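Undergrad: Here you go, this is data.cif (mmCIF, C-alpha atoms and all ligand atoms; chains and numbers go by the auth columns).
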```
data_protein
#
loop_
_atom_site.group_PDB
_atom_site.id
_atom_site.type_symbol
_atom_site.label_atom_id
_atom_site.label_comp_id
_atom_site.label_asym_id
_atom_site.label_seq_id
_atom_site.Cartn_x
_atom_site.Cartn_y
_atom_site.Cartn_z
_atom_site.B_iso_or_equiv
_atom_site.auth_seq_id
_atom_site.auth_asym_id
ATOM 1 C CA MET A 1 17.621 1.179 -10.265 0.00 1 S
ATOM 2 C CA ASP A 2 19.793 0.480 -7.240 0.00 2 S
ATOM 3 C CA LYS A 3 17.760 1.033 -4.097 0.00 3 S
ATOM 4 C CA GLU A 4 18.536 0.647 -0.423 0.00 4 S
ATOM 5 C CA ARG A 5 15.254 -1.221 0.121 0.00 5 S
ATOM 6 C CA LYS A 6 13.520 -3.600 -2.298 0.00 6 S
ATOM 7 C CA LEU A 7 10.726 -1.793 -4.125 0.00 7 S
ATOM 8 C CA ILE A 8 7.173 -2.925 -3.442 0.00 8 S
ATOM 9 C CA ILE A 9 4.576 -2.030 -6.052 0.00 9 S
ATOM 10 C CA ALA A 10 0.978 -2.902 -5.210 0.00 10 S
ATOM 11 C CA GLY A 11 -2.204 -2.583 -7.226 0.00 11 S
ATOM 12 C CA ASN A 12 -5.256 -1.501 -5.232 0.00 12 S
ATOM 13 C CA TRP A 13 -8.117 -2.563 -7.461 0.00 13 S
ATOM 14 C CA LYS A 14 -10.683 -0.941 -5.134 0.00 14 S
ATOM 15 C CA MET A 15 -14.317 -1.911 -5.981 0.00 15 S
ATOM 16 C CA ASN A 16 -13.519 -3.133 -9.499 0.00 16 S
ATOM 17 C CA LYS A 17 -13.273 -6.450 -11.389 0.00 17 S
ATOM 18 C CA THR A 18 -15.551 -9.470 -11.566 0.00 18 S
ATOM 19 C CA VAL A 19 -13.843 -12.822 -11.050 0.00 19 S
ATOM 20 C CA ALA A 20 -13.487 -13.289 -14.816 0.00 20 S
ATOM 21 C CA GLU A 21 -11.989 -9.808 -15.246 0.00 21 S
ATOM 22 C CA ALA A 22 -9.680 -10.344 -12.290 0.00 22 S
ATOM 23 C CA LEU A 23 -8.376 -13.578 -13.820 0.00 23 S
ATOM 24 C CA ASP A 24 -7.766 -11.889 -17.187 0.00 24 S
ATOM 25 C CA LEU A 25 -5.787 -9.182 -15.438 0.00 25 S
ATOM 26 C CA VAL A 26 -3.577 -11.510 -13.375 0.00 26 S
ATOM 27 C CA GLN A 27 -2.944 -13.863 -16.301 0.00 27 S
ATOM 28 C CA GLY A 28 -1.720 -10.837 -18.256 0.00 28 S
ATOM 29 C CA LEU A 29 0.427 -9.639 -15.356 0.00 29 S
ATOM 30 C CA LYS A 30 1.986 -13.094 -15.034 0.00 30 S
ATOM 31 C CA ARG A 31 2.864 -12.988 -18.750 0.00 31 S
ATOM 32 C CA GLU A 32 4.323 -9.480 -18.593 0.00 32 S
ATOM 33 C CA LEU A 33 5.998 -9.572 -15.199 0.00 33 S
ATOM 34 C CA GLY A 34 6.768 -13.265 -14.661 0.00 34 S
ATOM 35 C CA SER A 35 10.517 -12.757 -14.755 0.00 35 S
ATOM 36 C CA VAL A 36 10.721 -9.646 -12.545 0.00 36 S
ATOM 37 C CA LYS A 37 12.755 -10.323 -9.418 0.00 37 S
ATOM 38 C CA GLU A 38 13.841 -6.809 -8.480 0.00 38 S
ATOM 39 C CA VAL A 39 10.419 -5.658 -7.250 0.00 39 S
ATOM 40 C CA ASP A 40 7.867 -7.176 -4.868 0.00 40 S
ATOM 41 C CA ILE A 41 4.642 -7.188 -6.894 0.00 41 S
ATOM 42 C CA VAL A 42 1.316 -7.290 -5.046 0.00 42 S
ATOM 43 C CA VAL A 43 -2.288 -7.267 -6.271 0.00 43 S
ATOM 44 C CA CYS A 44 -5.192 -6.358 -3.969 0.00 44 S
ATOM 45 C CA PRO A 45 -8.446 -7.586 -5.567 0.00 45 S
ATOM 46 C CA PRO A 46 -11.912 -7.193 -4.037 0.00 46 S
ATOM 47 C CA PHE A 47 -12.744 -9.975 -1.523 0.00 47 S
ATOM 48 C CA THR A 48 -14.977 -11.762 -4.043 0.00 48 S
ATOM 49 C CA ALA A 49 -12.043 -12.408 -6.402 0.00 49 S
ATOM 50 C CA ILE A 50 -9.449 -13.365 -3.789 0.00 50 S
ATOM 51 C CA ALA A 51 -10.013 -17.144 -3.923 0.00 51 S
ATOM 52 C CA GLU A 52 -9.644 -17.404 -7.703 0.00 52 S
ATOM 53 C CA VAL A 53 -6.787 -14.910 -7.953 0.00 53 S
ATOM 54 C CA SER A 54 -4.992 -16.807 -5.198 0.00 54 S
ATOM 55 C CA LYS A 55 -5.113 -20.019 -7.273 0.00 55 S
ATOM 56 C CA ALA A 56 -4.098 -18.195 -10.461 0.00 56 S
ATOM 57 C CA ILE A 57 -0.939 -16.685 -8.974 0.00 57 S
ATOM 58 C CA LEU A 58 0.234 -19.821 -7.177 0.00 58 S
ATOM 59 C CA ASP A 59 3.821 -20.503 -8.300 0.00 59 S
ATOM 60 C CA SER A 60 4.247 -16.954 -9.590 0.00 60 S
ATOM 61 C CA ASN A 61 6.148 -13.901 -8.333 0.00 61 S
ATOM 62 C CA ILE A 62 2.883 -12.019 -7.722 0.00 62 S
ATOM 63 C CA ARG A 63 1.710 -11.780 -4.116 0.00 63 S
ATOM 64 C CA LEU A 64 -1.786 -11.269 -2.800 0.00 64 S
ATOM 65 C CA GLY A 65 -3.107 -8.409 -0.669 0.00 65 S
ATOM 66 C CA ALA A 66 -6.546 -7.517 0.709 0.00 66 S
ATOM 67 C CA GLN A 67 -8.014 -4.017 0.752 0.00 67 S
ATOM 68 C CA SER A 68 -9.247 -4.098 4.344 0.00 68 S
ATOM 69 C CA MET A 69 -9.969 -6.445 7.248 0.00 69 S
ATOM 70 C CA SER A 70 -11.659 -6.476 10.644 0.00 70 S
ATOM 71 C CA GLU A 71 -9.834 -5.732 13.869 0.00 71 S
ATOM 72 C CA HIS A 72 -11.613 -8.767 15.406 0.00 72 S
ATOM 73 C CA ILE A 73 -10.579 -12.391 15.035 0.00 73 S
ATOM 74 C CA GLY A 74 -14.151 -13.603 14.507 0.00 74 S
ATOM 75 C CA GLY A 75 -17.696 -13.446 15.829 0.00 75 S
ATOM 76 C CA ALA A 76 -20.850 -11.392 15.356 0.00 76 S
ATOM 77 C CA TYR A 77 -19.568 -8.703 12.984 0.00 77 S
ATOM 78 C CA THR A 78 -21.892 -8.791 9.996 0.00 78 S
ATOM 79 C CA GLY A 79 -20.195 -8.046 6.705 0.00 79 S
ATOM 80 C CA GLU A 80 -16.667 -8.148 8.082 0.00 80 S
ATOM 81 C CA ILE A 81 -13.706 -10.353 7.100 0.00 81 S
ATOM 82 C CA ALA A 82 -11.122 -11.579 9.630 0.00 82 S
ATOM 83 C CA ALA A 83 -7.382 -11.879 9.092 0.00 83 S
ATOM 84 C CA GLY A 84 -7.546 -15.651 9.561 0.00 84 S
ATOM 85 C CA MET A 85 -10.021 -15.913 6.682 0.00 85 S
ATOM 86 C CA LEU A 86 -7.602 -14.057 4.418 0.00 86 S
ATOM 87 C CA LYS A 87 -4.777 -16.375 5.446 0.00 87 S
ATOM 88 C CA GLU A 88 -6.758 -19.320 4.074 0.00 88 S
ATOM 89 C CA PHE A 89 -6.118 -17.879 0.604 0.00 89 S
ATOM 90 C CA SER A 90 -2.435 -17.127 1.154 0.00 90 S
ATOM 91 C CA VAL A 91 -3.025 -13.394 1.439 0.00 91 S
ATOM 92 C CA ARG A 92 0.245 -11.767 2.593 0.00 92 S
ATOM 93 C CA TYR A 93 -0.584 -8.059 2.780 0.00 93 S
ATOM 94 C CA VAL A 94 -3.557 -5.964 3.835 0.00 94 S
ATOM 95 C CA ILE A 95 -4.181 -2.293 3.088 0.00 95 S
ATOM 96 C CA LEU A 96 -5.287 -0.467 6.242 0.00 96 S
ATOM 97 C CA GLY A 97 -6.553 3.073 6.725 0.00 97 S
ATOM 98 C CA HIS A 98 -6.939 3.951 3.072 0.00 98 S
ATOM 99 C CA SER A 99 -8.279 7.503 2.829 0.00 99 S
ATOM 100 C CA GLU A 100 -11.454 6.190 1.177 0.00 100 S
ATOM 101 C CA ARG A 101 -12.141 4.050 4.252 0.00 101 S
ATOM 102 C CA ARG A 102 -11.248 6.913 6.569 0.00 102 S
ATOM 103 C CA GLN A 103 -13.685 9.127 4.640 0.00 103 S
ATOM 104 C CA TYR A 104 -16.585 6.771 3.814 0.00 104 S
ATOM 105 C CA GLN A 105 -16.384 4.238 6.669 0.00 105 S
ATOM 106 C CA GLY A 106 -15.210 6.691 9.302 0.00 106 S
ATOM 107 C CA GLU A 107 -12.090 4.673 10.162 0.00 107 S
ATOM 108 C CA SER A 108 -10.075 6.368 12.895 0.00 108 S
ATOM 109 C CA ASP A 109 -6.380 6.176 13.698 0.00 109 S
ATOM 110 C CA ALA A 110 -7.259 4.228 16.859 0.00 110 S
ATOM 111 C CA LEU A 111 -9.154 1.632 14.813 0.00 111 S
ATOM 112 C CA ILE A 112 -6.297 1.385 12.314 0.00 112 S
ATOM 113 C CA ALA A 113 -3.919 0.723 15.232 0.00 113 S
ATOM 114 C CA LYS A 114 -6.101 -2.214 16.344 0.00 114 S
ATOM 115 C CA LYS A 115 -6.304 -3.573 12.798 0.00 115 S
ATOM 116 C CA ALA A 116 -2.526 -3.327 12.312 0.00 116 S
ATOM 117 C CA LEU A 117 -1.988 -5.367 15.459 0.00 117 S
ATOM 118 C CA ALA A 118 -4.607 -7.940 14.388 0.00 118 S
ATOM 119 C CA ALA A 119 -2.923 -8.220 10.977 0.00 119 S
ATOM 120 C CA HIS A 120 0.459 -8.953 12.555 0.00 120 S
ATOM 121 C CA ALA A 121 -1.100 -11.443 14.960 0.00 121 S
ATOM 122 C CA ALA A 122 -2.116 -13.412 11.843 0.00 122 S
ATOM 123 C CA SER A 123 1.240 -12.824 10.098 0.00 123 S
ATOM 124 C CA LEU A 124 -0.255 -10.479 7.511 0.00 124 S
ATOM 125 C CA LYS A 125 1.842 -7.452 6.619 0.00 125 S
ATOM 126 C CA PRO A 126 -0.190 -4.244 6.894 0.00 126 S
ATOM 127 C CA ILE A 127 0.162 -1.459 4.339 0.00 127 S
ATOM 128 C CA VAL A 128 -0.837 1.518 6.491 0.00 128 S
ATOM 129 C CA CYS A 129 -1.986 4.531 4.473 0.00 129 S
ATOM 130 C CA VAL A 130 -1.389 8.112 5.579 0.00 130 S
ATOM 131 C CA GLY A 131 -1.809 11.427 3.800 0.00 131 S
ATOM 132 C CA GLU A 132 -3.248 14.905 3.961 0.00 132 S
ATOM 133 C CA THR A 133 -6.222 16.491 2.185 0.00 133 S
ATOM 134 C CA LEU A 134 -5.831 19.499 -0.106 0.00 134 S
ATOM 135 C CA ASN A 135 -7.164 21.834 2.619 0.00 135 S
ATOM 136 C CA GLU A 136 -4.642 20.465 5.093 0.00 136 S
ATOM 137 C CA ARG A 137 -1.766 20.881 2.619 0.00 137 S
ATOM 138 C CA GLU A 138 -2.785 24.433 1.808 0.00 138 S
ATOM 139 C CA ALA A 139 -3.023 25.226 5.513 0.00 139 S
ATOM 140 C CA GLY A 140 0.566 23.988 5.949 0.00 140 S
ATOM 141 C CA GLU A 141 -0.591 21.043 8.064 0.00 141 S
ATOM 142 C CA THR A 142 0.824 18.159 6.008 0.00 142 S
ATOM 143 C CA GLU A 143 3.492 17.132 8.511 0.00 143 S
ATOM 144 C CA ALA A 144 1.219 17.537 11.534 0.00 144 S
ATOM 145 C CA VAL A 145 -1.477 15.364 9.930 0.00 145 S
ATOM 146 C CA VAL A 146 0.939 12.639 8.818 0.00 146 S
ATOM 147 C CA ALA A 147 2.726 12.694 12.194 0.00 147 S
ATOM 148 C CA ARG A 148 -0.589 12.172 14.013 0.00 148 S
ATOM 149 C CA GLN A 149 -1.600 9.323 11.693 0.00 149 S
ATOM 150 C CA LEU A 150 1.728 7.569 12.280 0.00 150 S
ATOM 151 C CA GLN A 151 1.836 8.200 16.016 0.00 151 S
ATOM 152 C CA LEU A 152 -1.680 6.865 16.634 0.00 152 S
ATOM 153 C CA GLY A 153 -2.022 4.339 13.810 0.00 153 S
ATOM 154 C CA LEU A 154 1.229 2.528 14.654 0.00 154 S
ATOM 155 C CA ALA A 155 0.928 2.985 18.421 0.00 155 S
ATOM 156 C CA ARG A 156 0.441 -0.701 19.246 0.00 156 S
ATOM 157 C CA LEU A 157 3.228 -2.175 17.118 0.00 157 S
ATOM 158 C CA SER A 158 6.498 -3.573 18.420 0.00 158 S
ATOM 159 C CA LYS A 159 9.741 -2.702 16.643 0.00 159 S
ATOM 160 C CA ALA A 160 9.801 -6.145 15.007 0.00 160 S
ATOM 161 C CA GLN A 161 6.227 -5.701 13.771 0.00 161 S
ATOM 162 C CA MET A 162 6.994 -2.213 12.478 0.00 162 S
ATOM 163 C CA GLU A 163 9.831 -3.554 10.318 0.00 163 S
ATOM 164 C CA GLU A 164 7.299 -5.857 8.657 0.00 164 S
ATOM 165 C CA THR A 165 4.838 -3.008 8.068 0.00 165 S
ATOM 166 C CA VAL A 166 4.661 -0.964 4.866 0.00 166 S
ATOM 167 C CA ILE A 167 3.641 2.709 4.921 0.00 167 S
ATOM 168 C CA ALA A 168 1.824 4.210 1.935 0.00 168 S
ATOM 169 C CA TYR A 169 1.961 7.982 1.641 0.00 169 S
ATOM 170 C CA GLU A 170 -1.135 8.893 -0.332 0.00 170 S
ATOM 171 C CA PRO A 171 -1.921 12.604 -0.473 0.00 171 S
ATOM 172 C CA VAL A 172 -5.707 12.645 -0.729 0.00 172 S
ATOM 173 C CA TRP A 173 -5.621 15.422 -3.354 0.00 173 S
ATOM 174 C CA ALA A 174 -3.579 13.168 -5.670 0.00 174 S
ATOM 175 C CA ILE A 175 -5.864 10.097 -5.505 0.00 175 S
ATOM 176 C CA GLY A 176 -7.824 9.515 -8.698 0.00 176 S
ATOM 177 C CA THR A 177 -7.339 13.131 -9.759 0.00 177 S
ATOM 178 C CA GLY A 178 -4.567 12.687 -12.313 0.00 178 S
ATOM 179 C CA ARG A 179 -2.612 15.165 -10.217 0.00 179 S
ATOM 180 C CA ASN A 180 0.366 13.361 -8.697 0.00 180 S
ATOM 181 C CA ALA A 181 2.666 14.805 -6.079 0.00 181 S
ATOM 182 C CA THR A 182 5.888 15.946 -7.719 0.00 182 S
ATOM 183 C CA PRO A 183 8.851 13.667 -6.985 0.00 183 S
ATOM 184 C CA GLU A 184 10.222 16.446 -4.734 0.00 184 S
ATOM 185 C CA GLN A 185 6.949 16.792 -2.810 0.00 185 S
ATOM 186 C CA ALA A 186 6.811 13.019 -2.347 0.00 186 S
ATOM 187 C CA GLN A 187 10.453 12.792 -1.253 0.00 187 S
ATOM 188 C CA THR A 188 9.977 15.605 1.303 0.00 188 S
ATOM 189 C CA VAL A 189 7.077 13.832 3.005 0.00 189 S
ATOM 190 C CA HIS A 190 8.693 10.381 2.721 0.00 190 S
ATOM 191 C CA ALA A 191 11.837 11.689 4.427 0.00 191 S
ATOM 192 C CA PHE A 192 9.636 13.222 7.126 0.00 192 S
ATOM 193 C CA ILE A 193 7.861 9.869 7.597 0.00 193 S
ATOM 194 C CA ARG A 194 11.209 8.087 7.976 0.00 194 S
ATOM 195 C CA ARG A 195 12.385 10.635 10.564 0.00 195 S
ATOM 196 C CA SER A 196 9.107 10.186 12.445 0.00 196 S
ATOM 197 C CA LEU A 197 9.529 6.391 12.437 0.00 197 S
ATOM 198 C CA ALA A 198 13.077 6.800 13.766 0.00 198 S
ATOM 199 C CA ALA A 199 11.749 8.891 16.651 0.00 199 S
ATOM 200 C CA GLN A 200 8.798 6.577 17.341 0.00 200 S
ATOM 201 C CA PHE A 201 10.755 3.291 16.982 0.00 201 S
ATOM 202 C CA ASN A 202 14.469 3.643 16.213 0.00 202 S
ATOM 203 C CA ASP A 203 16.877 4.393 13.357 0.00 203 S
ATOM 204 C CA ALA A 204 17.387 0.781 12.339 0.00 204 S
ATOM 205 C CA VAL A 205 13.644 0.170 12.073 0.00 205 S
ATOM 206 C CA ALA A 206 13.109 3.407 10.141 0.00 206 S
ATOM 207 C CA LYS A 207 15.809 2.417 7.638 0.00 207 S
ATOM 208 C CA ARG A 208 14.142 -0.936 6.941 0.00 208 S
ATOM 209 C CA VAL A 209 10.524 0.208 6.554 0.00 209 S
ATOM 210 C CA ARG A 210 9.362 0.543 2.977 0.00 210 S
ATOM 211 C CA ILE A 211 7.375 3.683 2.185 0.00 211 S
ATOM 212 C CA GLN A 212 5.201 3.593 -0.925 0.00 212 S
ATOM 213 C CA TYR A 213 3.873 6.623 -2.742 0.00 213 S
ATOM 214 C CA GLY A 214 0.266 6.529 -3.966 0.00 214 S
ATOM 215 C CA GLY A 215 -1.784 9.019 -5.953 0.00 215 S
ATOM 216 C CA SER A 216 -2.064 9.081 -9.755 0.00 216 S
ATOM 217 C CA VAL A 217 1.006 6.884 -10.324 0.00 217 S
ATOM 218 C CA LYS A 218 1.261 6.187 -14.065 0.00 218 S
ATOM 219 C CA PRO A 219 3.894 4.608 -16.357 0.00 219 S
ATOM 220 C CA ALA A 220 5.032 8.117 -17.296 0.00 220 S
ATOM 221 C CA ASN A 221 5.788 9.312 -13.749 0.00 221 S
ATOM 222 C CA ALA A 222 6.805 6.038 -12.086 0.00 222 S
ATOM 223 C CA ARG A 223 10.521 6.181 -12.840 0.00 223 S
ATOM 224 C CA GLU A 224 11.035 9.655 -11.427 0.00 224 S
ATOM 225 C CA LEU A 225 8.952 8.988 -8.322 0.00 225 S
ATOM 226 C CA MET A 226 10.709 5.657 -7.617 0.00 226 S
ATOM 227 C CA GLY A 227 14.044 7.385 -8.179 0.00 227 S
ATOM 228 C CA GLN A 228 13.648 9.387 -4.974 0.00 228 S
ATOM 229 C CA PRO A 229 15.803 8.037 -2.134 0.00 229 S
ATOM 230 C CA ASP A 230 12.941 7.526 0.347 0.00 230 S
ATOM 231 C CA VAL A 231 10.322 6.317 -2.145 0.00 231 S
ATOM 232 C CA ASP A 232 10.359 2.525 -1.934 0.00 232 S
ATOM 233 C CA GLY A 233 7.453 1.620 -4.158 0.00 233 S
ATOM 234 C CA ALA A 234 3.957 2.578 -5.190 0.00 234 S
ATOM 235 C CA LEU A 235 0.357 1.897 -4.272 0.00 235 S
ATOM 236 C CA VAL A 236 -1.436 2.171 -7.589 0.00 236 S
ATOM 237 C CA GLY A 237 -5.188 2.647 -8.056 0.00 237 S
ATOM 238 C CA GLY A 238 -6.582 3.391 -11.522 0.00 238 S
ATOM 239 C CA ALA A 239 -3.474 2.367 -13.452 0.00 239 S
ATOM 240 C CA SER A 240 -3.441 -1.054 -11.736 0.00 240 S
ATOM 241 C CA LEU A 241 -6.662 -2.059 -13.499 0.00 241 S
ATOM 242 C CA GLU A 242 -5.022 -2.558 -16.916 0.00 242 S
ATOM 243 C CA ILE A 243 -2.327 -5.123 -17.762 0.00 243 S
ATOM 244 C CA ARG A 244 -0.322 -2.658 -19.831 0.00 244 S
ATOM 245 C CA SER A 245 -0.258 0.294 -17.444 0.00 245 S
ATOM 246 C CA PHE A 246 0.483 -1.726 -14.289 0.00 246 S
ATOM 247 C CA SER A 247 3.208 -3.784 -15.925 0.00 247 S
ATOM 248 C CA ASP A 248 4.754 -0.661 -17.437 0.00 248 S
ATOM 249 C CA ILE A 249 4.809 0.991 -13.998 0.00 249 S
ATOM 250 C CA VAL A 250 6.712 -2.022 -12.638 0.00 250 S
ATOM 251 C CA LYS A 251 9.086 -2.192 -15.634 0.00 251 S
ATOM 252 C CA ASN A 252 9.742 1.555 -15.592 0.00 252 S
ATOM 253 C CA SER A 253 10.645 1.366 -11.895 0.00 253 S
ATOM 254 C CA ILE A 254 13.419 -1.188 -12.273 0.00 254 S
HETATM 255 P P1 LIG B . -5.001 6.358 -8.117 0.00 301 T
HETATM 256 O O1 LIG B . -3.745 5.664 -8.552 0.00 301 T
HETATM 257 O O2 LIG B . -6.200 5.989 -8.937 0.00 301 T
HETATM 258 O O3 LIG B . -4.805 7.838 -7.957 0.00 301 T
HETATM 259 O O4 LIG B . -5.343 5.787 -6.640 0.00 301 T
HETATM 260 C C1 LIG B . -4.364 5.772 -5.684 0.00 301 T
HETATM 261 C C2 LIG B . -4.841 4.963 -4.530 0.00 301 T
HETATM 262 O O5 LIG B . -5.756 5.337 -3.833 0.00 301 T
HETATM 263 C C3 LIG B . -4.183 3.675 -4.290 0.00 301 T
HETATM 264 O O6 LIG B . -4.556 3.151 -3.049 0.00 301 T
#
```
Kindly present the structure from the file in structure tokens form.
TA:
Amino acid sequence: MDKERKLIIAGNWKMNKTVAEALDLVQGLKRELGSVKEVDIVVCPPFTAIAEVSKAILDSNIRLGAQSMSEHIGGAYTGEIAAGMLKEFSVRYVILGHSERRQYQGESDALIAKKALAAHAASLKPIVCVGETLNEREAGETEAVVARQLQLGLARLSKAQMEETVIAYEPVWAIGTGRNATPEQAQTVHAFIRRSLAAQFNDAVAKRVRIQYGGSVKPANARELMGQPDVDGALVGGASLEIRSFSDIVKNSI
């Protein structure tokens, strides 16, 4: 598939996988995907598996991401993990503002803006998640919700930092439900996101930013979703937990 931007396909393992299971999964992914050069491949294990996964993917084409991080650089923040700690394990990406964290940890756009800046300060690339709930979609509020999340969540970034930021459009109603956005629905919102980035930053920045789609991505729908002009990759939940399904998503996207 000939794309304007290099595809980035990331697996968000969420709260799954022991260290042993994580190693099985990445060994399998190395076997299946070791020769793929056309796509940036990222795995985001739970914190407890990051050290071992980091060693296992050394000298491979698989990159490491974290699922969250603190906005602080260190100090008295019980239970939190700082960007600098992730850097020790060669983590390159960090998912910020996932809808599950917005919902269960009460993360706000203002907090996500602080975290995105802290990530860049440590040379981690944030994957900033945006997306509407079913109620918001049905009320015709999709664009207003996504526009607000972008405006506030990216408010502190410079143009140079924005170019090194990935956006993940994850409609909340499509996460873990088996109900993916149609390629047309995804493309419509992705194009809107790119227009919003052009207004907030500039055209050149907007053209370079990669926008992933997330929400029930499977081997069977990956090709059509990735075929949309403004869909530059995927953030995969459930289907990233199995060697076969995640590697087929990557292969089907090339
Ligand atoms: P599913 O692929 O399980 O729908 O999850 C999507 C997601 O939340 C990725 O961050």
Undergrad: Given the file shown, determine the residues that the PyMOL selection byres (((chain S and resi 129) around 7) and not hetatm) selects; report them as a list of chain:residue names.
TA: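 Output from the PyMOL selection byres (((chain S and resi 129) around 7) and not hetatm), applied to this file: S:Leu96, S:Gly97, S:His98, S:Ile127, S:Val128, S:Val130, S:Gly131, S:Ile167, S:Ala168, S:Tyr169, S:Glu170.
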Undergrad: I'd like to know which of S:Gly11, S:Gly227, S:Gly28, S:Gly215 is closest to Ile95 of chain S, using all atoms listed in the file.
TA: S:Gly11
Undergrad: Check which residues satisfy the PyMOL selection byres (((chain S and resi 187) around 8) and not hetatm) in the file shown, then give them as a PDB file with C-alpha atoms, in the coordinates of the input.
TA:
```pdb
ATOM      1  CA  PRO S 183       8.851  13.667  -6.985  1.00  0.00           C
ATOM      2  CA  GLU S 184      10.222  16.446  -4.734  1.00  0.00           C
ATOM      3  CA  GLN S 185       6.949  16.792  -2.810  1.00  0.00           C
ATOM      4  CA  ALA S 186       6.811  13.019  -2.347  1.00  0.00           C
ATOM      5  CA  THR S 188       9.977  15.605   1.303  1.00  0.00           C
ATOM      6  CA  VAL S 189       7.077  13.832   3.005  1.00  0.00           C
ATOM      7  CA  HIS S 190       8.693  10.381   2.721  1.00  0.00           C
ATOM      8  CA  ALA S 191      11.837  11.689   4.427  1.00  0.00           C
ATOM      9  CA  GLN S 228      13.648   9.387  -4.974  1.00  0.00           C
ATOM     10  CA  PRO S 229      15.803   8.037  -2.134  1.00  0.00           C
ATOM     11  CA  ASP S 230      12.941   7.526   0.347  1.00  0.00           C
ATOM     12  CA  VAL S 231      10.322   6.317  -2.145  1.00  0.00           C
TER      13      VAL S 231
END
```
Undergrad: Hey, which residues come within 6 Å of ligand LIG 301 (chain T) if we count all atoms listed in the file? Could you give them as a PyMOL selection string?
TA: chain S and resi 12+174-176+214-217+235-239
Undergrad: Listing only residues of segment 30-125 of chain S within 12 Å of segment 132-143 of chain S, what is the closest atom pair and its distance in Å (to one decimal) for each, using all atoms listed in the file, sorted by chain and residue number ascending, as a tab-separated table?
TA:
```
residue	atom	partner	partner_atom	distance
S:His98	CA	S:Glu132	CA	11.6
S:Ser99	CA	S:Glu132	CA	9.0
S:Glu100	CA	S:Thr133	CA	11.6
S:Arg102	CA	S:Glu132	CA	11.6
S:Gln103	CA	S:Thr133	CA	10.8
```
Undergrad: May I ask for the distance between atom CA of Ser253 of chain S and atom CA of Ala181 of chain S, given in Å to one decimal place?
TA: 16.7 Å
Undergrad: With only C-alpha atoms as the basis for distance, which of S:Ser68, S:Gln151, S:Ser123, S:Asn61 is at the shortest distance from Gln105 of chain S?
TA: S:Ser68
Undergrad: For Asp232 of chain S, which residue out of S:Gln212, S:Ala144, S:Val250, S:Ser245 is the nearest one, using all atoms listed in the file?
TA: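 So, comparing all the options, the nearest one is S:Gln212.
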Undergrad: Evaluated on this file, the PyMOL selection byres (((chain S and resi 40) around 10) and not hetatm) picks out some residues - which ones are they, written as a list of chain:residue names?
TA: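 When the PyMOL selection byres (((chain S and resi 40) around 10) and not hetatm) is applied, the selected residues are S:Lys6, S:Leu7, S:Ile8, S:Ile9, S:Ala10, S:Val36, S:Lys37, S:Glu38, S:Val39, S:Ile41, S:Val42, S:Asn61, S:Ile62, S:Arg63, S:Gly233, S:Val250.
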Undergrad: Take atom CA of Ala76 of chain S and atom CA of Asn16 of chain S and report the distance between them in Å, one decimal.
TA: 27.2 Å
Undergrad: What is the distance between atom CA of Asp109 of chain S and atom CA of Ser158 of chain S, in Å to one decimal?
TA: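 These two atoms are separated by 16.8 Å.
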Undergrad: Identify which of the residues S:Arg195, S:Leu225, S:Val209, S:Arg92 lies closest to Arg5 of chain S, counting only C-alpha atoms when measuring atom-to-atom distances.
TA: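 Looking at the shortest contact to Arg5 of chain S, the residue is S:Val209.
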Undergrad: For Ala66 of chain S, which residue out of S:Ala83, S:Val94, S:Met226, S:Ala116 is the nearest one, using all atoms listed in the file?
TA: S:Val94
Undergrad: Counting all atoms listed in the file, which residue out of S:Ala122, S:Ile57, S:Leu197, S:Met162 sits closest to Val146 of chain S?
TA: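 Closest candidate: S:Leu197.
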Undergrad: Within 10 Å of (-7.7, 3.7, 14.7) (file coordinates; only C-alpha atoms), which protein or nucleic acid residues are there? I'd like them as a list in words.
TA: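 Every residue inside that radius is included here: Glu71, Leu96, Gly97, Arg102, Gly106, Glu107, Ser108, Asp109, Ala110, Leu111, Ile112, Ala113, Lys114, Lys115, Ala116, Gln149, Leu152, Gly153, Leu154 and Ala155 of chain S.
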